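**Student:** Sharing structure02.cif here; it has mmCIF, C-alpha atoms and all ligand atoms.
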data_query
loop_
_atom_site.label_atom_id
_atom_site.label_comp_id
_atom_site.auth_asym_id
_atom_site.auth_seq_id
_atom_site.Cartn_x
_atom_site.Cartn_y
_atom_site.Cartn_z
CA MET A 232 -54.47 -84.10 11.20
CA SER A 233 -55.24 -81.99 8.16
CA LEU A 234 -51.99 -80.12 8.78
CA LEU A 235 -50.13 -83.43 8.61
CA ARG A 236 -52.00 -84.46 5.46
CA ASN A 237 -51.22 -81.10 3.85
CA ALA A 238 -47.55 -81.45 4.73
CA GLN A 239 -47.51 -84.96 3.25
CA LYS A 240 -49.22 -83.73 0.06
CA TRP A 241 -46.77 -80.81 -0.15
CA LEU A 242 -43.85 -83.23 0.14
CA GLU A 243 -45.32 -85.70 -2.32
CA GLU A 244 -45.75 -82.99 -4.93
CA ARG A 245 -42.08 -82.16 -4.69
CA LEU A 246 -40.36 -85.41 -3.82
CA GLU A 247 -40.96 -88.82 -5.27
CA TRP A 248 -39.87 -91.66 -2.95
CA GLU A 249 -38.90 -93.57 -6.09
CA ASP A 250 -36.63 -90.68 -7.18
CA LEU A 251 -34.91 -90.75 -3.82
CA ILE A 252 -34.09 -94.44 -3.89
CA ALA A 253 -33.52 -94.63 -7.65
CA PRO A 254 -29.69 -94.49 -7.34
CA LEU A 255 -29.86 -97.25 -4.74
CA ARG A 256 -32.05 -99.39 -7.01
CA LYS A 257 -29.48 -99.03 -9.78
CA LYS A 258 -26.59 -99.92 -7.47
CA THR A 259 -25.50 -103.56 -7.44
CA VAL A 260 -23.16 -105.53 -5.18
CA PRO A 261 -20.91 -108.29 -6.58
CA LYS A 262 -21.84 -111.77 -5.33
CA HIS A 263 -18.95 -114.16 -4.60
CA HIS A 264 -17.46 -116.28 -1.81
CA LEU A 265 -15.82 -113.20 -0.19
CA SER A 266 -18.90 -110.91 -0.37
CA TYR A 267 -19.40 -111.02 3.39
CA TRP A 268 -16.41 -108.69 3.84
CA TYR A 269 -18.57 -105.96 2.28
CA PHE A 270 -20.56 -105.82 5.54
CA LEU A 271 -17.71 -104.51 7.69
CA GLY A 272 -17.82 -100.87 6.55
CA GLY A 273 -21.56 -100.78 7.15
CA ILE A 274 -21.19 -102.29 10.64
CA THR A 275 -18.59 -99.62 11.45
CA LEU A 276 -21.05 -96.98 10.25
CA PHE A 277 -23.81 -98.49 12.39
CA LEU A 278 -21.58 -98.40 15.48
CA PHE A 279 -20.69 -94.77 14.73
CA VAL A 280 -24.41 -93.89 14.76
CA ILE A 281 -24.79 -95.73 18.10
CA GLN A 282 -21.88 -93.66 19.43
CA VAL A 283 -23.51 -90.39 18.40
CA LEU A 284 -26.89 -91.34 19.90
CA THR A 285 -25.56 -92.71 23.22
CA GLY A 286 -23.03 -89.84 23.37
CA ILE A 287 -25.86 -87.29 23.17
CA LEU A 288 -27.70 -89.10 25.98
CA LEU A 289 -24.55 -89.08 28.16
CA LEU A 290 -24.17 -85.35 27.49
CA LEU A 291 -27.48 -84.73 29.27
CA TYR A 292 -25.74 -85.47 32.59
CA TYR A 293 -21.97 -85.44 32.01
CA ARG A 294 -20.07 -82.40 33.33
CA PRO A 295 -16.51 -81.74 32.18
CA GLY A 296 -14.19 -80.44 34.90
CA ALA A 297 -11.69 -82.03 37.27
CA ASN A 298 -14.04 -81.55 40.26
CA GLU A 299 -17.22 -82.89 38.73
CA ALA A 300 -16.49 -85.20 35.79
CA PHE A 301 -15.98 -88.35 37.89
CA GLU A 302 -18.97 -87.53 40.12
CA SER A 303 -21.22 -86.88 37.12
CA VAL A 304 -20.34 -90.27 35.60
CA GLN A 305 -20.95 -91.86 39.01
CA TYR A 306 -24.34 -90.15 39.05
CA ILE A 307 -25.12 -91.45 35.56
CA MET A 308 -24.24 -94.97 36.67
CA THR A 309 -26.11 -95.02 39.98
CA GLN A 310 -28.97 -92.48 39.83
CA VAL A 311 -30.00 -92.04 36.19
CA GLN A 312 -32.43 -94.70 34.94
CA PHE A 313 -30.50 -97.01 32.61
CA GLY A 314 -27.59 -94.57 32.78
CA TRP A 315 -25.19 -97.46 33.50
CA LEU A 316 -26.45 -99.25 30.37
CA ILE A 317 -26.10 -96.21 28.11
CA ARG A 318 -22.55 -95.63 29.37
CA SER A 319 -21.72 -99.31 29.01
CA ILE A 320 -23.10 -99.36 25.44
CA HIS A 321 -21.11 -96.21 24.58
CA SER A 322 -17.86 -97.72 25.90
CA TRP A 323 -18.36 -101.17 24.37
CA SER A 324 -19.48 -99.74 21.05
CA ALA A 325 -16.39 -97.49 20.95
CA ASN A 326 -14.16 -100.54 21.31
CA LEU A 327 -16.13 -102.62 18.83
CA MET A 328 -16.08 -99.74 16.34
CA ILE A 329 -12.31 -99.41 16.56
CA PHE A 330 -12.03 -103.18 16.08
CA THR A 331 -14.36 -103.22 13.05
CA ALA A 332 -12.62 -100.17 11.52
CA PHE A 333 -9.26 -102.03 11.75
CA ALA A 334 -10.84 -105.23 10.39
CA HIS A 335 -12.42 -103.23 7.53
CA MET A 336 -9.04 -101.66 6.71
CA PHE A 337 -7.32 -105.06 6.57
CA SER A 338 -10.13 -106.62 4.51
CA VAL A 339 -9.90 -103.76 2.00
CA LEU A 340 -6.16 -104.36 1.88
CA PHE A 341 -6.41 -108.12 1.26
CA LEU A 342 -9.19 -107.73 -1.32
CA LYS A 343 -7.12 -105.02 -3.12
CA ALA A 344 -10.11 -102.67 -2.93
CA TYR A 345 -7.76 -99.67 -2.44
CA ARG A 346 -6.50 -99.87 -6.03
CA LYS A 347 -7.32 -97.38 -8.75
CA PRO A 348 -9.91 -95.77 -8.91
CA ARG A 349 -10.47 -96.11 -5.12
CA GLU A 350 -7.33 -94.34 -3.85
CA LEU A 351 -9.34 -91.48 -2.36
CA THR A 352 -11.73 -93.92 -0.66
CA TRP A 353 -8.66 -95.50 0.98
CA ILE A 354 -7.22 -92.12 2.03
CA SER A 355 -10.53 -90.92 3.50
CA GLY A 356 -10.77 -94.31 5.28
CA MET A 357 -7.28 -94.03 6.74
CA ILE A 358 -8.00 -90.52 8.04
CA LEU A 359 -11.20 -91.95 9.56
CA LEU A 360 -9.13 -94.66 11.26
CA PHE A 361 -6.88 -91.99 12.81
CA LEU A 362 -9.97 -90.03 13.89
CA VAL A 363 -11.53 -93.14 15.41
CA MET A 364 -8.37 -93.68 17.48
CA GLY A 365 -8.54 -89.99 18.45
CA PHE A 366 -12.12 -90.57 19.66
CA GLY A 367 -10.85 -93.43 21.81
CA PHE A 368 -7.93 -91.46 23.24
CA SER A 369 -9.96 -88.34 24.05
CA GLY A 370 -12.99 -90.23 25.38
CA TYR A 371 -10.90 -92.39 27.70
CA LEU A 372 -9.97 -89.36 29.85
CA LEU A 373 -13.51 -88.03 30.25
CA PRO A 374 -14.53 -90.09 33.37
CA TRP A 375 -11.42 -88.63 35.07
CA ASN A 376 -10.41 -91.86 36.79
CA THR A 377 -6.91 -92.92 37.83
CA LEU A 378 -6.21 -95.21 34.87
CA ALA A 379 -7.40 -92.65 32.34
CA PHE A 380 -5.45 -89.85 33.99
CA PHE A 381 -2.13 -91.70 33.89
CA ALA A 382 -2.73 -93.21 30.45
CA THR A 383 -3.30 -89.67 29.15
CA LYS A 384 -0.17 -88.47 30.93
CA VAL A 385 1.90 -91.22 29.30
CA GLY A 386 0.20 -90.89 25.90
CA THR A 387 0.68 -87.12 25.64
CA GLU A 388 4.25 -87.50 26.92
CA ILE A 389 4.95 -89.91 24.03
CA ALA A 390 3.46 -87.41 21.55
CA GLY A 391 5.80 -84.85 23.11
CA GLN A 392 8.81 -86.90 21.97
CA VAL A 393 8.35 -85.94 18.32
CA PRO A 394 11.27 -83.66 17.39
CA VAL A 395 10.52 -79.93 16.96
CA ILE A 396 6.69 -80.05 17.00
CA GLY A 397 6.36 -82.58 19.85
CA LYS A 398 6.59 -80.22 22.83
CA PRO A 399 4.22 -77.54 21.46
CA MET A 400 1.83 -80.35 20.43
CA MET A 401 1.92 -81.82 23.95
CA ILE A 402 1.22 -78.43 25.52
CA PHE A 403 -1.58 -77.85 23.04
CA LEU A 404 -3.15 -81.21 23.86
CA ARG A 405 -2.76 -80.78 27.62
CA GLY A 406 -3.68 -77.11 27.73
CA GLY A 407 -0.47 -76.53 29.74
CA GLU A 408 2.61 -78.38 30.93
CA GLU A 409 0.70 -80.97 32.98
CA VAL A 410 -2.45 -83.06 32.66
CA THR A 411 -5.03 -81.02 34.60
CA GLY A 412 -8.65 -79.94 34.42
CA ALA A 413 -7.61 -77.85 31.40
CA THR A 414 -6.69 -81.08 29.59
CA LEU A 415 -10.10 -82.51 30.42
CA THR A 416 -11.85 -79.43 29.01
CA ARG A 417 -9.83 -79.71 25.80
CA PHE A 418 -10.34 -83.43 25.39
CA PHE A 419 -14.05 -82.89 25.96
CA GLY A 420 -14.09 -80.31 23.16
CA PHE A 421 -12.20 -82.63 20.80
CA HIS A 422 -14.40 -85.58 21.71
CA VAL A 423 -17.85 -83.99 21.40
CA ALA A 424 -17.31 -81.25 18.79
CA VAL A 425 -14.13 -81.34 16.70
CA LEU A 426 -13.85 -85.08 16.06
CA PRO A 427 -17.59 -85.74 15.44
CA GLY A 428 -17.69 -82.80 12.99
CA LEU A 429 -14.64 -84.00 11.06
CA ALA A 430 -15.74 -87.64 11.16
CA THR A 431 -19.24 -86.84 9.87
CA VAL A 432 -17.88 -84.92 6.88
CA LEU A 433 -15.35 -87.66 6.11
CA ILE A 434 -17.87 -90.49 6.47
CA LEU A 435 -20.18 -88.68 4.03
CA LEU A 436 -17.31 -88.31 1.57
CA HIS A 437 -16.23 -91.93 2.08
CA VAL A 438 -19.71 -93.37 1.55
CA LEU A 439 -20.35 -91.06 -1.40
CA LEU A 440 -17.16 -92.29 -3.03
CA VAL A 441 -18.19 -95.90 -2.45
CA GLN A 442 -21.58 -95.09 -3.99
CA ARG A 443 -19.96 -93.36 -6.96
CA LEU A 444 -17.30 -95.99 -7.69
CA GLY A 445 -19.31 -99.11 -6.92
CA MET A 446 -17.97 -102.10 -5.01
CA SER A 447 -14.64 -103.56 -6.04
CA VAL A 448 -14.21 -107.22 -7.01
CA PRO A 449 -11.11 -109.21 -5.94
CA PRO A 450 -8.58 -109.03 -8.85
CA LYS A 451 -8.55 -112.76 -9.69
CA LEU A 452 -12.32 -112.83 -9.94
CA GLU A 453 -12.36 -109.62 -11.98
CA VAL A 454 -10.10 -111.27 -14.59
CA GLU A 455 -12.30 -114.38 -14.58
CA TRP A 456 -15.51 -112.33 -14.96
CA ASN A 457 -14.02 -110.17 -17.71
CA SER A 458 -13.03 -113.21 -19.75
CA ASN A 459 -16.42 -114.84 -19.16
CA PRO A 460 -19.09 -112.15 -18.59
CA ALA A 461 -21.76 -114.83 -18.17
CA ALA A 462 -20.06 -115.88 -14.92
CA ARG A 463 -20.56 -112.39 -13.39
CA ARG A 464 -22.94 -112.55 -10.43
CA GLU A 465 -24.45 -109.54 -8.69
CA MET A 466 -27.29 -108.67 -6.37
CA LYS A 467 -29.33 -105.50 -6.18
CA PHE A 468 -28.22 -103.16 -3.41
CA PHE A 469 -31.83 -102.29 -2.67
CA PRO A 470 -33.53 -104.24 -1.25
CA ASN A 471 -31.36 -107.42 -1.41
CA PHE A 472 -28.03 -106.24 0.01
CA ALA A 473 -29.60 -103.55 2.23
CA LEU A 474 -31.75 -106.17 3.99
CA ARG A 475 -28.71 -108.41 4.55
CA GLU A 476 -26.83 -105.40 5.93
CA LEU A 477 -29.77 -104.74 8.24
CA MET A 478 -29.44 -108.29 9.55
CA ALA A 479 -25.71 -107.70 10.15
CA TRP A 480 -26.60 -104.57 12.15
CA TYR A 481 -29.17 -106.56 14.10
CA VAL A 482 -26.51 -109.13 15.02
CA ALA A 483 -24.05 -106.32 15.91
CA LEU A 484 -26.73 -104.76 18.13
CA GLY A 485 -27.31 -108.12 19.82
CA VAL A 486 -23.60 -108.63 20.52
CA LEU A 487 -23.27 -105.03 21.74
CA GLY A 488 -26.34 -105.23 24.00
CA ALA A 489 -25.21 -108.54 25.50
CA LEU A 490 -21.66 -107.30 26.18
CA ALA A 491 -22.90 -104.02 27.69
CA ALA A 492 -25.44 -105.71 29.95
CA VAL A 493 -23.39 -108.74 31.03
CA PHE A 494 -20.07 -106.89 31.44
CA PRO A 495 -21.02 -103.35 32.55
CA TRP A 496 -18.22 -100.85 32.03
CA ASN A 497 -16.28 -100.04 35.21
CA LEU A 498 -15.66 -96.55 36.53
CA GLY A 499 -12.64 -97.18 38.75
CA VAL A 500 -11.25 -94.69 41.26
CA LYS A 501 -11.24 -90.89 40.90
CA ALA A 502 -7.98 -89.48 39.53
CA ASP A 503 -5.61 -87.92 42.03
CA PRO A 504 -2.76 -86.09 40.30
CA PHE A 505 -0.71 -86.12 43.52
CA VAL A 506 -0.44 -89.87 44.00
CA ALA A 507 2.15 -92.01 42.23
CA ALA A 508 1.12 -93.71 38.98
CA PRO A 509 -0.15 -97.26 39.55
CA ALA A 510 2.37 -99.92 38.52
CA GLY A 511 2.16 -101.31 34.98
CA ILE A 512 0.03 -98.50 33.55
CA LYS A 513 -1.03 -99.35 29.98
CA PRO A 514 -2.98 -97.60 27.26
CA GLU A 515 -6.18 -98.95 25.68
CA TRP A 516 -5.71 -102.17 23.67
CA TYR A 517 -5.65 -100.39 20.29
CA PHE A 518 -2.53 -98.43 21.26
CA LEU A 519 -0.82 -101.40 22.90
CA PHE A 520 1.13 -102.58 19.83
CA MET A 521 2.82 -99.18 19.57
CA PHE A 522 3.29 -98.83 23.32
CA GLN A 523 4.88 -102.28 23.64
CA THR A 524 7.18 -101.63 20.67
CA LEU A 525 8.40 -98.40 22.29
CA LYS A 526 9.11 -100.33 25.50
CA LEU A 527 11.26 -102.84 23.62
CA ILE A 528 13.44 -100.28 21.83
CA PRO A 529 16.75 -99.72 23.70
CA ALA A 530 17.16 -96.42 25.56
CA LYS A 531 19.66 -95.23 22.95
CA VAL A 532 19.72 -96.19 19.29
CA TRP A 533 23.18 -95.09 18.19
CA PHE A 534 23.14 -91.62 19.77
CA ILE A 535 19.40 -90.88 19.48
CA ASP A 536 16.80 -91.49 22.19
CA GLY A 537 15.15 -94.87 21.54
CA GLU A 538 11.67 -93.50 22.17
CA ILE A 539 12.17 -90.73 19.61
CA VAL A 540 13.28 -93.30 17.02
CA GLY A 541 10.16 -95.37 17.75
CA VAL A 542 7.74 -92.44 17.60
CA LEU A 543 9.29 -91.20 14.35
CA ALA A 544 9.19 -94.70 12.85
CA PHE A 545 5.46 -95.02 13.64
CA GLY A 546 4.84 -91.58 12.13
CA VAL A 547 6.61 -92.54 8.90
CA ILE A 548 4.87 -95.94 8.74
CA GLY A 549 1.49 -94.24 9.28
CA LEU A 550 2.20 -91.85 6.41
CA LEU A 551 3.37 -94.63 4.08
CA TRP A 552 0.28 -96.69 4.97
CA LEU A 553 -1.89 -93.70 4.04
CA LEU A 554 -0.15 -93.50 0.65
CA LEU A 555 -0.12 -97.26 0.02
CA PRO A 556 -2.23 -97.23 -3.19
CA PHE A 557 0.23 -94.79 -4.76
CA LEU A 558 3.29 -96.72 -3.57
CA GLU A 559 1.90 -99.88 -5.10
CA SER A 560 1.31 -98.28 -8.47
CA ALA A 561 4.83 -96.82 -8.36
CA TYR A 562 6.34 -100.27 -7.66
CA PRO A 563 3.75 -102.56 -9.28
CA SER A 564 5.31 -106.02 -8.95
CA ARG A 565 8.51 -105.93 -7.00
CA PRO A 566 8.45 -108.53 -5.56
CA LYS A 567 5.12 -109.82 -6.78
CA ARG A 568 2.26 -109.29 -4.36
CA TRP A 569 4.45 -107.41 -1.87
CA ILE A 570 1.47 -105.60 -0.41
CA THR A 571 -0.21 -108.88 0.57
CA GLY A 572 3.00 -109.94 2.30
CA LEU A 573 3.22 -106.59 4.05
CA ALA A 574 -0.42 -106.80 5.14
CA VAL A 575 0.08 -110.31 6.58
CA PHE A 576 3.17 -109.11 8.42
CA ALA A 577 1.42 -105.97 9.74
CA LEU A 578 -1.59 -107.97 10.93
CA ALA A 579 0.62 -110.54 12.67
CA TYR A 580 2.75 -107.77 14.21
CA VAL A 581 -0.19 -105.73 15.51
CA ALA A 582 -1.94 -108.84 16.89
CA GLY A 583 1.25 -110.35 18.37
CA MET A 584 2.46 -107.14 19.99
CA SER A 585 -1.01 -106.41 21.39
CA VAL A 586 -1.18 -109.82 23.07
CA TYR A 587 2.41 -109.45 24.32
CA GLY A 588 1.64 -105.93 25.61
CA HIS A 589 -1.45 -107.25 27.37
CA LEU A 590 0.43 -110.08 29.08
CA ALA A 591 3.61 -108.12 29.90
CA LYS A 592 4.01 -106.73 33.41
C1 LIG A 601 -15.40 -94.73 10.56
C2 LIG A 601 -14.77 -95.57 9.77
C3 LIG A 601 -15.30 -96.11 8.46
C4 LIG A 601 -16.60 -96.20 8.00
C5 LIG A 601 -17.86 -95.75 8.71
C6 LIG A 601 -16.55 -96.81 6.68
C7 LIG A 601 -17.66 -97.11 5.89
C8 LIG A 601 -17.60 -97.80 4.68
C9 LIG A 601 -18.73 -98.37 3.99
C10 LIG A 601 -20.19 -98.29 4.47
C11 LIG A 601 -18.28 -98.98 2.85
C12 LIG A 601 -19.10 -99.80 1.81
C13 LIG A 601 -19.22 -101.25 2.27
C14 LIG A 601 -17.90 -101.98 2.50
O1 LIG A 601 -17.10 -102.15 1.55
O2 LIG A 601 -17.64 -102.41 3.65
C15 LIG A 601 -16.84 -98.76 2.79
C16 LIG A 601 -16.02 -99.16 1.75
C17 LIG A 601 -14.65 -98.90 1.68
N1 LIG A 601 -13.87 -98.43 2.72
FE1 LIG A 601 -14.55 -97.77 4.50
N2 LIG A 601 -15.25 -97.06 6.35
C18 LIG A 601 -14.45 -96.65 7.41
C19 LIG A 601 -13.08 -96.77 7.51
C20 LIG A 601 -12.26 -97.20 6.47
C21 LIG A 601 -10.84 -97.45 6.57
C22 LIG A 601 -10.05 -97.34 7.87
C23 LIG A 601 -10.38 -97.79 5.32
C24 LIG A 601 -8.99 -98.11 4.89
C25 LIG A 601 -7.98 -97.36 5.13
C26 LIG A 601 -11.53 -97.78 4.42
C27 LIG A 601 -11.48 -98.01 3.06
C28 LIG A 601 -12.56 -98.36 2.28
C29 LIG A 601 -12.51 -98.76 0.85
C30 LIG A 601 -11.27 -98.79 -0.05
C31 LIG A 601 -13.82 -99.11 0.50
C32 LIG A 601 -14.29 -99.63 -0.88
C33 LIG A 601 -14.44 -101.14 -0.78
C34 LIG A 601 -14.77 -101.79 -2.11
O3 LIG A 601 -15.09 -101.09 -3.06
O4 LIG A 601 -14.70 -103.04 -2.14
N3 LIG A 601 -12.64 -97.45 5.15
N4 LIG A 601 -16.46 -98.07 3.94
#
Rewrite the coordinates I just gave you, this time as structure tokens.
**Tutor:**
Amino acid sequence: MSLLRNAQKWLEERLEWEDLIAPLRKKTVPKHHLSYWYFLGGITLFLFVIQVLTGILLLLYYRPGANEAFESVQYIMTQVQFGWLIRSIHSWSANLMIFTAFAHMFSVLFLKAYRKPRELTWISGMILLFLVMGFGFSGYLLPWNTLAFFATKVGTEIAGQVPVIGKPMMIFLRGGEEVTGATLTRFFGFHVAVLPGLATVLILLHVLLVQRLGMSVPPKLEVEWNSNPAARREMKFFPNFALRELMAWYVALGVLGALAAVFPWNLGVKADPFVAAPAGIKPEWYFLFMFQTLKLIPAKVWFIDGEIVGVLAFGVIGLLWLLLPFLESAYPSRPKRWITGLAVFALAYVAGMSVYGHLAK
């Protein structure tokens, strides 16, 4: 006991709780009819933490390797106390996190929060979005079931279509020419070491930038508030906004817990590389809009392979999306509000193609 008291005294002499939260006490959050969109980044962060915690628990029993991965997940689901629930939470939370990251990206786009001085916040966010999709792609293979095996085969094959670097990239991802146990080992490494490391650093940078630059205000409101400073309304980040955020996390936890318990995640059938691919194999929902687009492109566009054209087009669009804040400042009003139009189109396209991809045979 006295050891604990001494440690507390030692800490108190060096650290003042007030000093620690002082920057948060100074921070304010704008208060307006669109303020609720400010919760989305925090919910994504909360789900990321859930992923790390449940991922560590799964690691206690999961074994990578073509001969044991499926069996170890089966063991987790049938023998380990609450193993099925932890796995179900991990899988549901992964999907919810990808959804909230996309929703956060679109909300930032519509609210024009990417504009100067927040270009770097946008870029770090976009890289996080790519990483989050990488988490999904690499994690999907880990249970080594039939669907995951063939989805990985198709997905890495598509990556292999990129001219020049495609083939070496495919071999790097697969750890050879084919999807085998070597692919599983690699994906495991990406999923539990490389991606979490990169994502943690980027999330820290992202949140630090948000802290440094303060929250943006939608442009129309900014003009209004600048012309009439008395109309400006704000709330303290700590404790007012932080407590509201906590409530949002509580709701997210409730939704997640209910989904995981009521709809436990399936395991399916163990992968067998020697059987034919099941008919109508599809990737996870967040890749469907790209997958369906590639299916609709004709086999040859002029004299180039249709799939290559599609993959290249998505690569270029991804790069332009990453650089959007700079493109907007280079072409400020031509036509007026072109980014809003583009965002509406992109949202409708992604949603429409995903539904179409889901329904298509
Ligand atoms: C793992 C993924 C992500 C996490 C954990 C995360 C976290 C956060 C948090 C906690 C905030 C402050 C609250 C808020 O505005 O919601 C924020 C703000 C922001 N995020 Fe993200 N974010 C992620 C992905 C993204 C993506 C994909 C983009 C866009 C490409 C993005 C761009 C931004 C911008 C521009 C802001 C500033 C908003 C403003 O000032 O109004 N973030 N993010």
**Student:** Do you know which residues lie at most 12 Å from (-12.3, -78.5, 27.7), with coordinates as in the file and all atoms listed in the file counted, and could you write them as a list of chain:residue names?
**Tutor:**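 Checking each residue against the 12 Å limit leaves A:Arg294, A:Pro295, A:Gly296, A:Ala297, A:Ala300, A:Ser369, A:Gly370, A:Leu372, A:Leu373, A:Phe403, A:Leu404, A:Arg405, A:Gly406, A:Val410, A:Thr411, A:Gly412, A:Ala413, A:Thr414, A:Leu415, A:Thr416, A:Arg417, A:Phe418, A:Phe419, A:Gly420, A:Phe421, A:His422, A:Val423, A:Ala424, A:Val425.
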**Student:** Using all atoms listed in the file, what are the residues with an atom within 6 Å of ligand LIG 601 (chain A), set out as a list in words?
**Tutor:**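 Answer in the requested format: Tyr269, Phe270, Leu271, Gly272, Gly273, Thr275, Leu276, Ala332, Met336, Val339, Ala344, Tyr345, Arg349, Thr352, Trp353, Gly356, Met357, Leu359, Leu360, Ile434, Val438, Val441, Met446 and Ser447 of chain A.
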**Student:** Record the distance separating CA of Val363 (chain A) and CA of Gly549 (chain A), expressed in Å with one decimal.
**Tutor:** 14.4 Å
**Student:** Out of A:Tyr306, A:Tyr293, A:Phe366, A:Phe520, which residue has the shortest atom-to-atom distance to Ser324 (chain A) when counting only C-alpha atoms?
**Tutor:**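 For Ser324 (chain A), the nearest of the candidates is A:Phe366.
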**Student:** If you measure from CA of Ala382 (chain A) to CA of Ala574 (chain A), what distance in Å do you get, rounded to one decimal?
**Tutor:**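 We find that CA of Ala382 (chain A) and CA of Ala574 (chain A) lie 28.8 Å from each other.
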**Student:** Quick one: axis-aligned box around all listed atoms of region 354-362 of chain A, 8 Å on every side, centre and edge lengths in Å to one decimal, written as lines of an AutoDock Vina configuration file.
**Tutor:**
center_x = -9.0
center_y = -92.3
center_z = 8.0
size_x = 20.3
size_y = 20.6
size_z = 27.9
**Student:** Please provide the set of residues having any atom within 10 Å of Met308 (chain A), restricted to all atoms listed in the file, with same-chain residues fewer than 5 positions apart removed, written as a PyMOL selection string.
**Tutor:** chain A and resi 302-303+313-319+495-498
**Student:** Can you list, as a list in words, every protein, DNA or RNA residue that comes within 12 Å of Ser560 (chain A) when you count all atoms listed in the file, leaving out same-chain residues fewer than 5 positions away?
**Tutor:**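 Final neighbour list, sorted by chain and number: Tyr345, Arg346, Lys347, Pro348, Glu350, Leu554, Leu555, Arg565, Arg568, Trp569 and Ile570 of chain A.
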**Student:** In terms of the shortest atom-to-atom distance over only C-alpha atoms, which of A:Leu426, A:Leu543, A:Arg443, A:Lys531 is closest to Gly397 (chain A)?
**Tutor:**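 So, comparing all the options, the nearest one is A:Leu543.
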**Student:** What is the CA of Tyr481 (chain A) to CA of Ala430 (chain A) distance in Å?
**Tutor:** 23.4 Å
**Student:** Start from the incomplete input, build all heavy atoms for region 320-324 of chain A, and deliver everything as a PDB file, keeping the file's coordinate frame.
**Tutor:**
ATOM      1  N   ILE A 320     -22.957 -99.197  26.891  1.00  0.00           N
ATOM      2  CA  ILE A 320     -23.100 -99.360  25.440  1.00  0.00           C
ATOM      3  C   ILE A 320     -22.115 -98.428  24.721  1.00  0.00           C
ATOM      4  O   ILE A 320     -21.445 -98.824  23.765  1.00  0.00           O
ATOM      5  CB  ILE A 320     -24.555 -99.063  24.987  1.00  0.00           C
ATOM      6  CG1 ILE A 320     -25.478-100.166  25.483  1.00  0.00           C
ATOM      7  CG2 ILE A 320     -24.653 -98.937  23.470  1.00  0.00           C
ATOM      8  CD1 ILE A 320     -26.943 -99.958  25.147  1.00  0.00           C
ATOM      9  N   HIS A 321     -22.014 -97.176  25.221  1.00  0.00           N
ATOM     10  CA  HIS A 321     -21.110 -96.210  24.580  1.00  0.00           C
ATOM     11  C   HIS A 321     -19.663 -96.729  24.612  1.00  0.00           C
ATOM     12  O   HIS A 321     -18.944 -96.662  23.624  1.00  0.00           O
ATOM     13  CB  HIS A 321     -21.220 -94.860  25.281  1.00  0.00           C
ATOM     14  CG  HIS A 321     -20.606 -93.716  24.526  1.00  0.00           C
ATOM     15  ND1 HIS A 321     -21.189 -93.160  23.416  1.00  0.00           N
ATOM     16  CD2 HIS A 321     -19.441 -93.035  24.701  1.00  0.00           C
ATOM     17  CE1 HIS A 321     -20.429 -92.186  22.948  1.00  0.00           C
ATOM     18  NE2 HIS A 321     -19.346 -92.084  23.714  1.00  0.00           N
ATOM     19  N   SER A 322     -19.243 -97.264  25.761  1.00  0.00           N
ATOM     20  CA  SER A 322     -17.860 -97.720  25.900  1.00  0.00           C
ATOM     21  C   SER A 322     -17.603 -98.988  25.074  1.00  0.00           C
ATOM     22  O   SER A 322     -16.587 -99.100  24.395  1.00  0.00           O
ATOM     23  CB  SER A 322     -17.533 -98.011  27.363  1.00  0.00           C
ATOM     24  OG  SER A 322     -17.845 -96.873  28.126  1.00  0.00           O
ATOM     25  N   TRP A 323     -18.539 -99.930  25.149  1.00  0.00           N
ATOM     26  CA  TRP A 323     -18.360-101.170  24.370  1.00  0.00           C
ATOM     27  C   TRP A 323     -18.401-100.892  22.872  1.00  0.00           C
ATOM     28  O   TRP A 323     -17.613-101.425  22.105  1.00  0.00           O
ATOM     29  CB  TRP A 323     -19.447-102.204  24.741  1.00  0.00           C
ATOM     30  CG  TRP A 323     -19.044-103.056  25.912  1.00  0.00           C
ATOM     31  CD1 TRP A 323     -19.563-103.005  27.169  1.00  0.00           C
ATOM     32  CD2 TRP A 323     -18.032-104.076  25.942  1.00  0.00           C
ATOM     33  NE1 TRP A 323     -18.943-103.925  27.976  1.00  0.00           N
ATOM     34  CE2 TRP A 323     -18.002-104.603  27.239  1.00  0.00           C
ATOM     35  CE3 TRP A 323     -17.156-104.600  24.990  1.00  0.00           C
ATOM     36  CZ2 TRP A 323     -17.131-105.624  27.622  1.00  0.00           C
ATOM     37  CZ3 TRP A 323     -16.280-105.611  25.361  1.00  0.00           C
ATOM     38  CH2 TRP A 323     -16.280-106.109  26.660  1.00  0.00           C
ATOM     39  N   SER A 324     -19.326-100.036  22.474  1.00  0.00           N
ATOM     40  CA  SER A 324     -19.480 -99.740  21.050  1.00  0.00           C
ATOM     41  C   SER A 324     -18.230 -99.023  20.520  1.00  0.00           C
ATOM     42  O   SER A 324     -17.810 -99.245  19.380  1.00  0.00           O
ATOM     43  CB  SER A 324     -20.733 -98.887  20.855  1.00  0.00           C
ATOM     44  OG  SER A 324     -20.846 -98.471  19.546  1.00  0.00           O
TER      45      SER A 324
END
